[in-house]
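See below for the structure under consideration.
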Amino acid sequence: MSDKKKSFKNSRVYVVLFALVNALVFSVLITSAATMLKERQLENMALDKRTNLLEAADLVPLDKKPTPDDIKQIYDTHIREVHVDARGRIMETATDSSLQLYLIHTDQKVQGYIVPISTRGLWGKIHGYMAFEEDGETVSGFSVYSHSETPGLGGEIESDWFQKNFKGKKILNASNQLVSVGIAKGRAENLPEKLQDHYVDGISGATLTGRYLSEGLEETLTKYEPVSILFRQKKGSQAHVETILDE
Amino acid sequence: MEKNLSHYRDIMTRGIWSENPVAYQVLGICSALAVTVKMSTAVVMSIALTLVAAFSGLIISTMRHWIPSNIRIIVELTVIASLVIVTDQILKAFLYDISKQLSIFVGLIITNCIILGRAEAYAMANNPVDSFVDGMANGLGYSMILLAVAFLRELLGSGQFFGFSVIPRFLYDMGFQDMGIMVLAPGAFFIIGLLVWLKNSLPGVSHEKK
């Protein structure tokens, strides 16, 4: 390379031009990759969300991996998306203050409901679902579909062993007050017996993730408490839950 | 042709064995600690890193005559970052489950010192094909250590291999316990240290005599 060319290569004009062209070329590359793949990614995300919702409701067959069509079919048969107001009654149209709720149907009967969970984690938002039985106090499932926690530590919130722990936990204490479900530090079986129904095993190395998730669950369940109360009132009576919610 | 083959073989052995990025250059340690709790994440990480290392070598080496030397690091980073983002997008579109498992680690390939190290030390001074082979060799060298560490950590820390339990039940009944430390970062430090020591104490490998 000649000296002249070398000095030109380090001249201010060339450096700025090179940087601009370089930035332009690679931003076009990234943008086109992102735009072209966007549709597929959104499809994947929507499908993943639905799969998670069905997992929380325990509706996904465990023996084989469901295809996208299976998921759609199960979803359409069993899930009804509704919006409820602050009193827990179903609204015709969604408003800013209404809460999203999913009712689980089997054979025309409401078997339970699913509450979307959205809370802060250590590094970002945690999104998931918590399903309840129709008694309005027993957790029937929990799942997480999106989070930014450290894999292997807080990221364990999306693992099966962690999510299975929630099944059967109660959100009410002995005197029927809302206590939510918390994430214990260490194993739940080391806690006093009367707390064991309200705590799941914690994740070692992820104390903060557990704390934020506990707080988020409590906050969400407090917001949805009117709905849960309606379900508890229905307990024992023959009334159709939806008619109560619809009133 | 014959000379060419041995030339590439030479680049490969250097990257994979004699100048292994983790064991000899001590680069890329941070991710070697992070993704080696389980085999499955280590495998995908290895593939992604090897691809990015190879292609960033190729592209940077092709551009090397036009890159002004005073902004070369930032240009190298642009190339690497773009490749990583595109890889991440492709994983999200076609291998959504795996991309969810790897989460932030794909993005962290950008900061992996092996990639920038090879771009700066090799691709800027050699022709595109050599750089491609060199990137691949270093990626494979990194993968080798990564998989070895992940194998030992998953086995000793969780008693599993690719998520399947391999330690027989009766050993647990007899009082065998998983080593909790292997799941945490210090476990990886010990294993990497031992592996580097083992590699350098093999006959004919130690670089101290050179």
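Residue numbering restarts at 1 in every chain; chains get A, B, ... in the order shown in the structure tokens, and ligands count up from 1 in that same order.
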
What are the nearest atom pairs, with distances in Å to one decimal, for all residues of range 37-116 of chain B that come at most 12 Å from range 147-158 of chain A, using only C-alpha atoms, set out by chain and rising residue number as a tab-separated table?
```
residue	atom	partner	partner_atom	distance
B:Val37	CA	A:Gly152	CA	7.1
B:Lys38	CA	A:Gly152	CA	8.6
B:Thr41	CA	A:Pro151	CA	9.7
B:Asp97	CA	A:Glu158	CA	11.9
B:Ser99	CA	A:Pro151	CA	11.9
B:Lys100	CA	A:His147	CA	9.3
B:Gln101	CA	A:Pro151	CA	7.5
B:Leu102	CA	A:Pro151	CA	7.5
B:Ser103	CA	A:Ser148	CA	7.3
B:Ile104	CA	A:Ser148	CA	7.5
B:Phe105	CA	A:Pro151	CA	8.7
B:Val106	CA	A:Pro151	CA	11.9
```

Suppose we keep C-alpha atoms; can you now write the selection as a CSV table (one decimal), in the first residue's frame?
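Output file out.csv is given in full below:
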```csv
chain,number,residue,atom,x,y,z
B,37,VAL,CA,-24.5,-25.8,34.1
B,38,LYS,CA,-26.2,-27.9,31.5
B,41,THR,CA,-27.3,-24.9,26.6
B,97,ASP,CA,-37.7,-23.0,22.3
B,99,SER,CA,-33.7,-19.3,21.8
B,100,LYS,CA,-35.8,-19.0,24.9
B,101,GLN,CA,-33.4,-21.3,26.8
B,102,LEU,CA,-30.3,-19.4,25.7
B,103,SER,CA,-32.0,-16.1,26.4
B,104,ILE,CA,-29.3,-13.4,27.0
B,105,PHE,CA,-26.3,-15.6,26.2
B,106,VAL,CA,-26.8,-15.3,22.5
```

Mind dumping a table of every chain B residue within 6 Å of chain A, with the nearest atom pair and its distance in Å to one decimal, using only C-alpha atoms, sorted by chain and rising number, as JSON lines?
```
{"residue": "B:Pro68", "atom": "CA", "partner": "A:Lys9", "partner_atom": "CA", "distance": 5.5}
{"residue": "B:Lys92", "atom": "CA", "partner": "A:Gln41", "partner_atom": "CA", "distance": 5.9}
{"residue": "B:Ala93", "atom": "CA", "partner": "A:Gln41", "partner_atom": "CA", "distance": 4.6}
```

Keeping C-alpha atoms for every residue in the selection just given, could you write it to a file as a short mmCIF file (atom, residue, chain, number, x, y, z; two decimals), in the first residue's frame?
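New file part-v6.cif:
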```cif
data_model
loop_
_atom_site.label_atom_id
_atom_site.label_comp_id
_atom_site.auth_asym_id
_atom_site.auth_seq_id
_atom_site.Cartn_x
_atom_site.Cartn_y
_atom_site.Cartn_z
CA PRO B 68 -9.21 2.87 8.85
CA LYS B 92 -36.26 -16.70 17.48
CA ALA B 93 -37.98 -17.35 14.15
#
```

**Q.** Ala185 in chain B environment, 10 Å, only C-alpha atoms, sequence neighbours closer than 6 positions dropped, as a PyMOL selection string
**A.** chain B and resi 30+32-37

**Q.** Picked from range 108-149 of chain B by DSSP as alpha helix (DSSP H), as number ranges by chain
**A.** B: 108, 113-118, 128-149

(Q) Residues within 12 Å of range 117-129 of chain B, please, as an MDAnalysis selection string. Count only C-alpha atoms; anything in the same chain fewer than 2 positions from it doesn't count. (A) chainID B and resid 4 7:8 11 15 19:22 25:28 50 52:69 71:80 110:115 131:139

Q) Which polymer residues have any atom within 9 Å of an atom of Glu81 in chain A, counting only C-alpha atoms, with same-chain residues fewer than 2 positions away left out, as a VMD selection string? A) chain A and resid 79 83 100 to 103

Since we have the selection now, will you write its residues out, keeping N, CA and C atoms, as a tab-separated table (two decimals), in the first residue's frame?
```
chain	number	residue	atom	x	y	z
A	79	ILE	N	-61.05	-22.38	26.38
A	79	ILE	CA	-60.75	-21.08	27.00
A	79	ILE	C	-61.70	-20.02	26.49
A	83	HIS	N	-63.31	-9.87	29.95
A	83	HIS	CA	-62.81	-8.73	30.70
A	83	HIS	C	-63.75	-8.49	31.87
A	100	GLN	N	-58.12	-8.48	32.45
A	100	GLN	CA	-58.23	-9.62	31.54
A	100	GLN	C	-58.34	-10.90	32.38
A	101	LEU	N	-59.28	-11.76	31.97
A	101	LEU	CA	-59.47	-13.01	32.71
A	101	LEU	C	-59.78	-14.11	31.71
A	102	TYR	N	-59.34	-15.33	32.01
A	102	TYR	CA	-59.61	-16.46	31.12
A	102	TYR	C	-60.41	-17.49	31.91
A	103	LEU	N	-61.54	-17.89	31.35
A	103	LEU	CA	-62.34	-18.91	32.03
A	103	LEU	C	-62.06	-20.27	31.38
```

(Q) Write out as a ChimeraX atom specification the set of residues from range 8-230 of chain A that DSSP, computed on the backbone, places in strand (DSSP E). (A) /A:79-84,90-91,99-106,109-120,125-133,139-146,182-183,199-200

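Counting only C-alpha atoms and comparing A:Ala131, A:Val110, A:Gly186, A:Ser159, the residue that lies closest to Gly163 in chain B is A:Ser159.
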